[in-house]
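K.L.:
Input structure-v1.cif, format and content: mmCIF, C-alpha atoms.
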data_start
loop_
_atom_site.label_atom_id
_atom_site.label_comp_id
_atom_site.auth_asym_id
_atom_site.auth_seq_id
_atom_site.Cartn_x
_atom_site.Cartn_y
_atom_site.Cartn_z
CA MET Y 1 211.14 246.26 99.31
CA ASN Y 2 213.43 249.07 98.18
CA PHE Y 3 211.97 252.50 98.21
CA TYR Y 4 213.97 255.24 96.62
CA LYS Y 5 214.10 258.41 98.60
CA LYS Y 6 213.83 261.58 96.59
CA GLY Y 7 215.24 264.96 97.60
CA PHE Y 8 218.53 266.60 98.53
CA SER Y 9 220.64 265.94 101.54
CA GLY Y 10 221.95 268.72 103.74
CA VAL Y 11 225.51 268.14 102.50
CA GLU Y 12 224.45 268.53 98.87
CA ILE Y 13 222.70 271.83 99.62
CA LEU Y 14 225.77 273.13 101.52
CA ILE Y 15 228.05 272.25 98.60
CA VAL Y 16 225.80 274.09 96.11
CA VAL Y 17 225.60 277.18 98.38
CA ALA Y 18 229.40 277.19 98.83
CA VAL Y 19 230.02 276.95 95.07
CA LEU Y 20 227.53 279.77 94.39
CA GLY Y 21 229.19 281.88 97.09
CA VAL Y 22 232.63 281.48 95.51
CA ILE Y 23 231.29 282.33 92.04
CA LEU Y 24 229.53 285.46 93.35
CA ALA Y 25 232.64 286.56 95.25
CA ILE Y 26 234.58 286.48 91.98
CA VAL Y 27 231.93 288.00 89.68
CA ILE Y 28 230.51 290.91 91.74
CA PRO Y 29 233.77 292.94 91.95
CA GLN Y 30 234.15 292.60 88.17
CA PHE Y 31 230.74 294.24 87.67
CA SER Y 32 231.77 297.30 89.71
CA LYS Y 33 235.02 297.64 87.70
CA THR Y 34 233.08 297.36 84.46
CA ARG Y 35 230.64 300.04 85.64
CA GLU Y 36 233.51 302.34 86.67
CA LEU Y 37 235.21 301.91 83.29
CA GLN Y 38 231.95 302.60 81.45
CA ILE Y 39 231.38 305.83 83.41
CA LEU Y 40 234.96 306.90 82.61
CA LYS Y 41 234.38 306.09 78.93
CA ASN Y 42 231.21 308.20 78.93
CA GLY Y 43 233.09 311.11 80.53
CA VAL Y 44 235.81 310.90 77.88
CA GLU Y 45 233.21 310.78 75.08
CA ASN Y 46 231.34 313.80 76.52
CA THR Y 47 234.58 315.77 76.79
CA LEU Y 48 235.67 314.89 73.25
CA SER Y 49 232.22 315.74 71.94
CA SER Y 50 232.34 319.16 73.62
CA ILE Y 51 235.78 319.93 72.18
CA ASN Y 52 234.67 318.87 68.69
CA LYS Y 53 231.42 320.85 68.95
CA ALA Y 54 233.33 324.03 69.83
CA LYS Y 55 235.68 323.44 66.90
CA VAL Y 56 232.85 322.78 64.42
CA GLU Y 57 230.87 325.83 65.55
CA THR Y 58 233.99 327.97 65.18
CA LEU Y 59 234.79 326.66 61.69
CA SER Y 60 231.19 327.15 60.58
CA SER Y 61 231.40 330.76 61.87
CA LEU Y 62 228.22 330.31 63.86
CA ASN Y 63 227.14 333.80 64.93
CA SER Y 64 230.44 335.08 63.45
CA SER Y 65 232.31 334.06 66.57
CA GLU Y 66 234.94 331.77 68.02
CA TYR Y 67 233.92 329.05 70.46
CA GLY Y 68 235.87 327.54 73.28
CA VAL Y 69 235.76 324.99 76.06
CA HIS Y 70 236.16 325.55 79.80
CA PHE Y 71 237.16 322.50 81.84
CA GLN Y 72 236.23 322.03 85.51
CA SER Y 73 236.52 318.96 87.70
CA ASP Y 74 232.87 317.94 87.25
CA LYS Y 75 231.84 319.59 83.97
CA VAL Y 76 232.84 320.88 80.57
CA ILE Y 77 231.37 324.18 79.37
CA ILE Y 78 231.23 325.27 75.73
CA PHE Y 79 231.37 329.07 75.54
CA LYS Y 80 231.11 331.73 72.85
CA GLY Y 81 234.07 334.05 72.26
CA LYS Y 82 237.69 333.98 73.35
CA VAL Y 83 237.11 334.50 77.08
CA PHE Y 84 235.04 332.27 79.35
CA SER Y 85 232.29 334.00 81.32
CA ALA Y 86 230.60 331.79 83.91
CA GLY Y 87 227.25 333.59 83.74
CA ALA Y 88 226.86 333.81 79.95
CA SER Y 89 223.49 332.63 78.69
CA GLU Y 90 225.06 331.03 75.58
CA ASN Y 91 227.14 328.59 77.66
CA ILE Y 92 226.40 324.91 77.15
CA VAL Y 93 227.15 322.83 80.25
CA VAL Y 94 228.04 319.15 79.90
CA ASP Y 95 228.19 317.37 83.26
CA ILE Y 96 230.72 314.63 83.95
CA THR Y 97 229.07 311.73 85.81
CA SER Y 98 230.55 310.91 89.21
CA PRO Y 99 232.87 309.17 90.15
CA THR Y 100 234.66 310.35 86.99
CA THR Y 101 236.36 313.74 87.32
CA ILE Y 102 238.67 315.92 85.29
CA SER Y 103 241.72 315.58 87.50
CA ASN Y 104 244.27 317.58 85.52
CA VAL Y 105 244.20 320.14 82.73
CA THR Y 106 247.53 321.01 81.10
CA LEU Y 107 247.03 323.62 78.39
CA GLY Y 108 249.86 325.70 77.00
CA GLY Y 109 252.28 324.16 79.48
CA VAL Y 110 250.25 325.28 82.52
CA SER Y 111 248.92 322.48 84.74
CA SER Y 112 245.77 323.05 86.80
CA THR Y 113 242.46 321.47 87.80
CA SER Y 114 240.60 323.74 85.37
CA GLY Y 115 241.36 325.61 82.17
CA ASP Y 116 240.11 327.29 79.01
CA MET Y 117 240.82 327.00 75.33
CA TYR Y 118 239.17 328.38 72.21
CA PHE Y 119 239.45 327.72 68.50
CA ASN Y 120 240.67 330.31 65.97
CA ARG Y 121 237.96 331.24 63.51
CA LEU Y 122 239.81 330.91 60.23
CA SER Y 123 242.09 327.96 60.88
CA GLY Y 124 240.16 325.97 63.49
CA ALA Y 125 243.39 325.60 65.45
CA PRO Y 126 243.18 325.92 69.23
CA ASN Y 127 244.83 328.86 70.95
CA VAL Y 128 246.67 326.33 73.17
CA SER Y 129 247.42 322.62 72.92
CA GLY Y 130 247.77 320.19 75.78
CA THR Y 131 246.16 317.35 77.70
CA ILE Y 132 243.02 316.74 79.75
CA THR Y 133 243.16 313.88 82.27
CA LEU Y 134 239.94 312.18 83.35
CA SER Y 135 240.07 309.82 86.32
CA SER Y 136 237.71 307.35 87.95
CA GLY Y 137 239.07 305.42 90.90
CA THR Y 138 242.18 303.58 89.76
CA TYR Y 139 241.54 304.23 86.06
CA SER Y 140 242.38 307.30 83.99
CA ARG Y 141 242.40 308.43 80.37
CA ILE Y 142 244.32 311.31 78.82
CA ILE Y 143 242.85 313.38 75.98
CA THR Y 144 245.56 315.06 73.91
CA ILE Y 145 244.73 318.20 71.93
CA SER Y 146 247.28 318.90 69.21
CA ALA Y 147 248.28 322.30 67.81
CA THR Y 148 246.06 321.60 64.79
CA GLY Y 149 243.02 320.86 66.96
CA ASN Y 150 243.01 317.12 66.48
CA THR Y 151 242.24 315.04 69.56
CA ASN Y 152 243.12 311.53 70.61
CA VAL Y 153 242.77 309.41 73.75
CA ASN Y 154 245.25 307.03 75.33
#
As structure tokens, please, write out the structure in this file.

P.N.:
Amino acid sequence: MNFYKKGFSGVEILIVVAVLGVILAIVIPQFSKTRELQILKNGVENTLSSINKAKVETLSSLNSSEYGVHFQSDKVIIFKGKVFSAGASENIVVDITSPTTISNVTLGGVSSTSGDMYFNRLSGAPNVSGTITLSSGTYSRIITISATGNTNVN
């Protein structure tokens, strides 16, 4: 009489575990890279949104004032007027999610880790043009602000 044995042998289980281990070793690092890129993308979008908000509020003459943007390594601050004041109650703070940081600000030819710019009330043009570099690990994106106030990302 032939009886068929049902179940898995130890070798079969080891082969399945080894294959799953190889697949996980390849896939898990890709998830962390994807997460890092998404956080960088969010930081770029928040920075662009802040720049555009300052420009729109200036062009609409909200409170009959100019508006500007102050860049720091971990945040972007929209401020009222031509000069940034850290303690002003009108400031709008937009945090940049870690591990993304603003690593370089080059406005008007001056390179630094922070900087300010504002938009002219009648034309909407910025007082300075330049670049803002956001970095996250091995990835970075550069926001370019033109003399007309247009922005683009590369």

K.L.:
Kindly indicate which residue among Y:Ser65, Y:Ser146, Y:Thr97, Y:Asn120 lies nearest to Y:Glu36, using all atoms listed in the file for the distances.

P.N.:
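Going through Y:Ser65, Y:Ser146, Y:Thr97, Y:Asn120 one by one, the smallest distance to Y:Glu36 is for Y:Thr97.
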
K.L.:
Please provide the set of residues having any atom within 10 Å of Y:Val56, restricted to only C-alpha atoms, with same-chain residues fewer than 6 positions apart removed, written as a PyMOL selection string.

P.N.:
chain Y and resi 50+62+66-67+119+121+124

K.L.:
Selected residues, C-alpha atoms, written as an mmCIF file, in the frame of the given file, please.

P.N.:
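Just written: out.cif:
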data_model
loop_
_atom_site.group_PDB
_atom_site.id
_atom_site.type_symbol
_atom_site.label_atom_id
_atom_site.label_comp_id
_atom_site.auth_asym_id
_atom_site.auth_seq_id
_atom_site.Cartn_x
_atom_site.Cartn_y
_atom_site.Cartn_z
ATOM 1 C CA SER Y 50 232.340 319.160 73.620
ATOM 2 C CA LEU Y 62 228.220 330.310 63.860
ATOM 3 C CA GLU Y 66 234.940 331.770 68.020
ATOM 4 C CA TYR Y 67 233.920 329.050 70.460
ATOM 5 C CA PHE Y 119 239.450 327.720 68.500
ATOM 6 C CA ARG Y 121 237.960 331.240 63.510
ATOM 7 C CA GLY Y 124 240.160 325.970 63.490
#

K.L.:
Counting all atoms listed in the file, figure out which residue out of Y:Gly149, Y:Gly137, Y:Gly130, Y:Gly43 gets nearest to Y:Ser111.

P.N.:
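With all atoms listed in the file as the atom set, the closest residue is Y:Gly130.
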
K.L.:
With all atoms listed in the file as the atoms that count, which of Y:Lys80, Y:Lys53, Y:Lys41, Y:Arg35 lies nearest to Y:Leu134?

P.N.:
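Looking only at the distances to Y:Leu134, the closest residue turns out to be Y:Lys41.
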
K.L.:
Please enumerate the residues selected by the PyMOL selection byres ((chain Y and resi 101) around 12) when evaluated against the supplied file, formatted as JSON, numbers by chain.

P.N.:
{"Y": [36, 39, 40, 41, 42, 43, 44, 46, 47, 71, 72, 73, 74, 75, 76, 95, 96, 97, 98, 99, 100, 102, 103, 104, 105, 113, 114, 132, 133, 134, 135, 136, 137, 138, 139, 140, 141, 142]}

K.L.:
The PyMOL selection byres ((chain Y and resi 84) around 10) on the file shown: which residues, as a list in words?

P.N.:
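Checking the PyMOL selection byres ((chain Y and resi 84) around 10) against this file, the residues are Tyr67, Gly68, Val69, His70, Ile77, Ile78, Phe79, Lys80, Gly81, Lys82, Val83, Ser85, Ala86, Gly87, Ala88, Asn91, Gly115, Asp116, Met117 and Tyr118 of chain Y.
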
K.L.:
Would you put the residues from that selection into a file with C-alpha atoms, as a CSV table (one decimal), in the frame of the given file?

P.N.:
chain,number,residue,atom,x,y,z
Y,67,TYR,CA,233.9,329.0,70.5
Y,68,GLY,CA,235.9,327.5,73.3
Y,69,VAL,CA,235.8,325.0,76.1
Y,70,HIS,CA,236.2,325.6,79.8
Y,77,ILE,CA,231.4,324.2,79.4
Y,78,ILE,CA,231.2,325.3,75.7
Y,79,PHE,CA,231.4,329.1,75.5
Y,80,LYS,CA,231.1,331.7,72.8
Y,81,GLY,CA,234.1,334.0,72.3
Y,82,LYS,CA,237.7,334.0,73.4
Y,83,VAL,CA,237.1,334.5,77.1
Y,85,SER,CA,232.3,334.0,81.3
Y,86,ALA,CA,230.6,331.8,83.9
Y,87,GLY,CA,227.2,333.6,83.7
Y,88,ALA,CA,226.9,333.8,80.0
Y,91,ASN,CA,227.1,328.6,77.7
Y,115,GLY,CA,241.4,325.6,82.2
Y,116,ASP,CA,240.1,327.3,79.0
Y,117,MET,CA,240.8,327.0,75.3
Y,118,TYR,CA,239.2,328.4,72.2

K.L.:
Quick one: distance from atom CA of Y:Leu122 to atom CA of Y:Ala147 in Å, one decimal?

P.N.:
14.3 Å

K.L.:
Point out the residue among Y:Ile143, Y:Val11, Y:Ile92, Y:Val110 with the least atom-to-atom distance to Y:Ala54, counting only C-alpha atoms.

P.N.:
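Smallest distance to Y:Ala54 is found for Y:Ile92.
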
K.L.:
May I ask for the distance between atom CA of Y:Ser61 and atom CA of Y:Asn127, given in Å to one decimal place?

P.N.:
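Interatomic distance, atom CA of Y:Ser61 to atom CA of Y:Asn127: 16.3 Å.
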
K.L.:
Measure the distance from atom CA of Y:Phe31 to atom CA of Y:Thr131 in Å and round it to one decimal.

P.N.:
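Computing it gives 29.5 Å between the two atoms.
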
K.L.:
To test the calculation: enclose all listed atoms of stretch 45-63 of chain Y in a box whose edges run along x, y and z, add 8 Å on each side, then state centre and edge lengths in Å to one decimal, as lines of an AutoDock Vina configuration file.

P.N.:
center_x = 231.5
center_y = 322.3
center_z = 68.7
size_x = 24.6
size_y = 39.0
size_z = 32.2

K.L.:
Hey, which of Y:Thr106, Y:Asn154, Y:Ser64, Y:Ser32 ends up closest to Y:Ser129? Count all atoms listed in the file.

P.N.:
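That would be Y:Thr106, the residue with the smallest distance to Y:Ser129.
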
K.L.:
May I ask which of the residues Y:Ser49, Y:Ser112, Y:Glu90, Y:Ile13 is the closest one to Y:Asn152, counting only C-alpha atoms?

P.N.:
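That would be Y:Ser49, the residue with the smallest distance to Y:Asn152.
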
K.L.:
How would stretch 89-125 of chain Y look with N, CA and C atoms restored, written as a PDB file, keeping the file's coordinate frame?

P.N.:
ATOM      1  N   SER Y  89     224.672 333.433  79.016  1.00  0.00           N
ATOM      2  CA  SER Y  89     223.490 332.630  78.690  1.00  0.00           C
ATOM      3  C   SER Y  89     223.742 331.651  77.543  1.00  0.00           C
ATOM      4  N   GLU Y  90     224.772 331.905  76.719  1.00  0.00           N
ATOM      5  CA  GLU Y  90     225.060 331.030  75.580  1.00  0.00           C
ATOM      6  C   GLU Y  90     225.847 329.781  75.984  1.00  0.00           C
ATOM      7  N   ASN Y  91     226.335 329.726  77.217  1.00  0.00           N
ATOM      8  CA  ASN Y  91     227.140 328.590  77.660  1.00  0.00           C
ATOM      9  C   ASN Y  91     226.339 327.292  77.597  1.00  0.00           C
ATOM     10  N   ILE Y  92     227.001 326.248  77.156  1.00  0.00           N
ATOM     11  CA  ILE Y  92     226.400 324.910  77.150  1.00  0.00           C
ATOM     12  C   ILE Y  92     227.186 324.064  78.145  1.00  0.00           C
ATOM     13  N   VAL Y  93     226.502 323.591  79.186  1.00  0.00           N
ATOM     14  CA  VAL Y  93     227.150 322.830  80.250  1.00  0.00           C
ATOM     15  C   VAL Y  93     226.958 321.337  80.001  1.00  0.00           C
ATOM     16  N   VAL Y  94     228.066 320.606  80.030  1.00  0.00           N
ATOM     17  CA  VAL Y  94     228.040 319.150  79.900  1.00  0.00           C
ATOM     18  C   VAL Y  94     228.612 318.582  81.187  1.00  0.00           C
ATOM     19  N   ASP Y  95     227.752 317.928  81.983  1.00  0.00           N
ATOM     20  CA  ASP Y  95     228.190 317.370  83.260  1.00  0.00           C
ATOM     21  C   ASP Y  95     228.956 316.075  83.065  1.00  0.00           C
ATOM     22  N   ILE Y  96     229.956 315.871  83.913  1.00  0.00           N
ATOM     23  CA  ILE Y  96     230.720 314.630  83.950  1.00  0.00           C
ATOM     24  C   ILE Y  96     230.145 313.805  85.102  1.00  0.00           C
ATOM     25  N   THR Y  97     229.710 312.582  84.804  1.00  0.00           N
ATOM     26  CA  THR Y  97     229.070 311.730  85.810  1.00  0.00           C
ATOM     27  C   THR Y  97     230.073 311.237  86.836  1.00  0.00           C
ATOM     28  N   SER Y  98     229.724 311.399  88.102  1.00  0.00           N
ATOM     29  CA  SER Y  98     230.550 310.910  89.210  1.00  0.00           C
ATOM     30  C   SER Y  98     230.572 309.386  89.155  1.00  0.00           C
ATOM     31  N   PRO Y  99     231.645 308.739  89.475  1.00  0.00           N
ATOM     32  CA  PRO Y  99     232.870 309.170  90.150  1.00  0.00           C
ATOM     33  C   PRO Y  99     233.955 309.684  89.208  1.00  0.00           C
ATOM     34  N   THR Y 100     233.660 309.825  87.908  1.00  0.00           N
ATOM     35  CA  THR Y 100     234.660 310.350  86.990  1.00  0.00           C
ATOM     36  C   THR Y 100     234.828 311.848  87.194  1.00  0.00           C
ATOM     37  N   THR Y 101     236.072 312.311  87.193  1.00  0.00           N
ATOM     38  CA  THR Y 101     236.360 313.740  87.320  1.00  0.00           C
ATOM     39  C   THR Y 101     237.475 314.117  86.351  1.00  0.00           C
ATOM     40  N   ILE Y 102     237.532 315.398  86.044  1.00  0.00           N
ATOM     41  CA  ILE Y 102     238.670 315.920  85.290  1.00  0.00           C
ATOM     42  C   ILE Y 102     239.708 316.267  86.347  1.00  0.00           C
ATOM     43  N   SER Y 103     240.749 315.455  86.417  1.00  0.00           N
ATOM     44  CA  SER Y 103     241.720 315.580  87.500  1.00  0.00           C
ATOM     45  C   SER Y 103     242.879 316.493  87.186  1.00  0.00           C
ATOM     46  N   ASN Y 104     243.155 316.702  85.887  1.00  0.00           N
ATOM     47  CA  ASN Y 104     244.270 317.580  85.520  1.00  0.00           C
ATOM     48  C   ASN Y 104     244.026 318.154  84.135  1.00  0.00           C
ATOM     49  N   VAL Y 105     244.293 319.454  84.015  1.00  0.00           N
ATOM     50  CA  VAL Y 105     244.200 320.140  82.730  1.00  0.00           C
ATOM     51  C   VAL Y 105     245.549 320.805  82.507  1.00  0.00           C
ATOM     52  N   THR Y 106     246.248 320.407  81.449  1.00  0.00           N
ATOM     53  CA  THR Y 106     247.530 321.010  81.100  1.00  0.00           C
ATOM     54  C   THR Y 106     247.388 321.610  79.707  1.00  0.00           C
ATOM     55  N   LEU Y 107     247.191 322.914  79.658  1.00  0.00           N
ATOM     56  CA  LEU Y 107     247.030 323.620  78.390  1.00  0.00           C
ATOM     57  C   LEU Y 107     248.085 324.701  78.290  1.00  0.00           C
ATOM     58  N   GLY Y 108     248.810 324.716  77.193  1.00  0.00           N
ATOM     59  CA  GLY Y 108     249.860 325.700  77.000  1.00  0.00           C
ATOM     60  C   GLY Y 108     250.978 325.589  78.018  1.00  0.00           C
ATOM     61  N   GLY Y 109     251.211 324.392  78.520  1.00  0.00           N
ATOM     62  CA  GLY Y 109     252.280 324.160  79.480  1.00  0.00           C
ATOM     63  C   GLY Y 109     251.919 324.464  80.912  1.00  0.00           C
ATOM     64  N   VAL Y 110     250.687 324.953  81.167  1.00  0.00           N
ATOM     65  CA  VAL Y 110     250.250 325.280  82.520  1.00  0.00           C
ATOM     66  C   VAL Y 110     249.336 324.166  83.016  1.00  0.00           C
ATOM     67  N   SER Y 111     249.686 323.572  84.165  1.00  0.00           N
ATOM     68  CA  SER Y 111     248.920 322.480  84.740  1.00  0.00           C
ATOM     69  C   SER Y 111     248.018 323.005  85.854  1.00  0.00           C
ATOM     70  N   SER Y 112     246.745 322.568  85.835  1.00  0.00           N
ATOM     71  CA  SER Y 112     245.770 323.050  86.800  1.00  0.00           C
ATOM     72  C   SER Y 112     244.631 322.037  86.885  1.00  0.00           C
ATOM     73  N   THR Y 113     243.652 322.315  87.735  1.00  0.00           N
ATOM     74  CA  THR Y 113     242.460 321.470  87.800  1.00  0.00           C
ATOM     75  C   THR Y 113     241.345 322.014  86.917  1.00  0.00           C
ATOM     76  N   SER Y 114     241.553 323.190  86.318  1.00  0.00           N
ATOM     77  CA  SER Y 114     240.600 323.740  85.370  1.00  0.00           C
ATOM     78  C   SER Y 114     241.365 324.532  84.310  1.00  0.00           C
ATOM     79  N   GLY Y 115     240.688 324.863  83.224  1.00  0.00           N
ATOM     80  CA  GLY Y 115     241.360 325.610  82.170  1.00  0.00           C
ATOM     81  C   GLY Y 115     240.436 325.931  81.025  1.00  0.00           C
ATOM     82  N   ASP Y 116     240.895 326.844  80.159  1.00  0.00           N
ATOM     83  CA  ASP Y 116     240.110 327.290  79.010  1.00  0.00           C
ATOM     84  C   ASP Y 116     240.921 327.156  77.738  1.00  0.00           C
ATOM     85  N   MET Y 117     240.220 326.959  76.648  1.00  0.00           N
ATOM     86  CA  MET Y 117     240.820 327.000  75.330  1.00  0.00           C
ATOM     87  C   MET Y 117     239.733 327.429  74.358  1.00  0.00           C
ATOM     88  N   TYR Y 118     240.120 328.040  73.261  1.00  0.00           N
ATOM     89  CA  TYR Y 118     239.170 328.380  72.210  1.00  0.00           C
ATOM     90  C   TYR Y 118     239.806 328.076  70.866  1.00  0.00           C
ATOM     91  N   PHE Y 119     238.974 328.031  69.840  1.00  0.00           N
ATOM     92  CA  PHE Y 119     239.450 327.720  68.500  1.00  0.00           C
ATOM     93  C   PHE Y 119     239.471 328.987  67.655  1.00  0.00           C
ATOM     94  N   ASN Y 120     240.536 329.160  66.862  1.00  0.00           N
ATOM     95  CA  ASN Y 120     240.670 330.310  65.970  1.00  0.00           C
ATOM     96  C   ASN Y 120     239.700 330.153  64.803  1.00  0.00           C
ATOM     97  N   ARG Y 121     239.053 331.253  64.468  1.00  0.00           N
ATOM     98  CA  ARG Y 121     237.960 331.240  63.510  1.00  0.00           C
ATOM     99  C   ARG Y 121     238.363 330.806  62.107  1.00  0.00           C
ATOM    100  N   LEU Y 122     239.449 331.233  61.601  1.00  0.00           N
ATOM    101  CA  LEU Y 122     239.810 330.910  60.230  1.00  0.00           C
ATOM    102  C   LEU Y 122     240.479 329.548  60.071  1.00  0.00           C
ATOM    103  N   SER Y 123     241.320 329.198  61.015  1.00  0.00           N
ATOM    104  CA  SER Y 123     242.090 327.960  60.880  1.00  0.00           C
ATOM    105  C   SER Y 123     241.481 326.771  61.629  1.00  0.00           C
ATOM    106  N   GLY Y 124     240.699 327.042  62.661  1.00  0.00           N
ATOM    107  CA  GLY Y 124     240.160 325.970  63.490  1.00  0.00           C
ATOM    108  C   GLY Y 124     241.175 325.415  64.478  1.00  0.00           C
ATOM    109  N   ALA Y 125     242.349 326.042  64.520  1.00  0.00           N
ATOM    110  CA  ALA Y 125     243.390 325.600  65.450  1.00  0.00           C
ATOM    111  C   ALA Y 125     243.093 326.164  66.848  1.00  0.00           C
TER     112      ALA Y 125
END
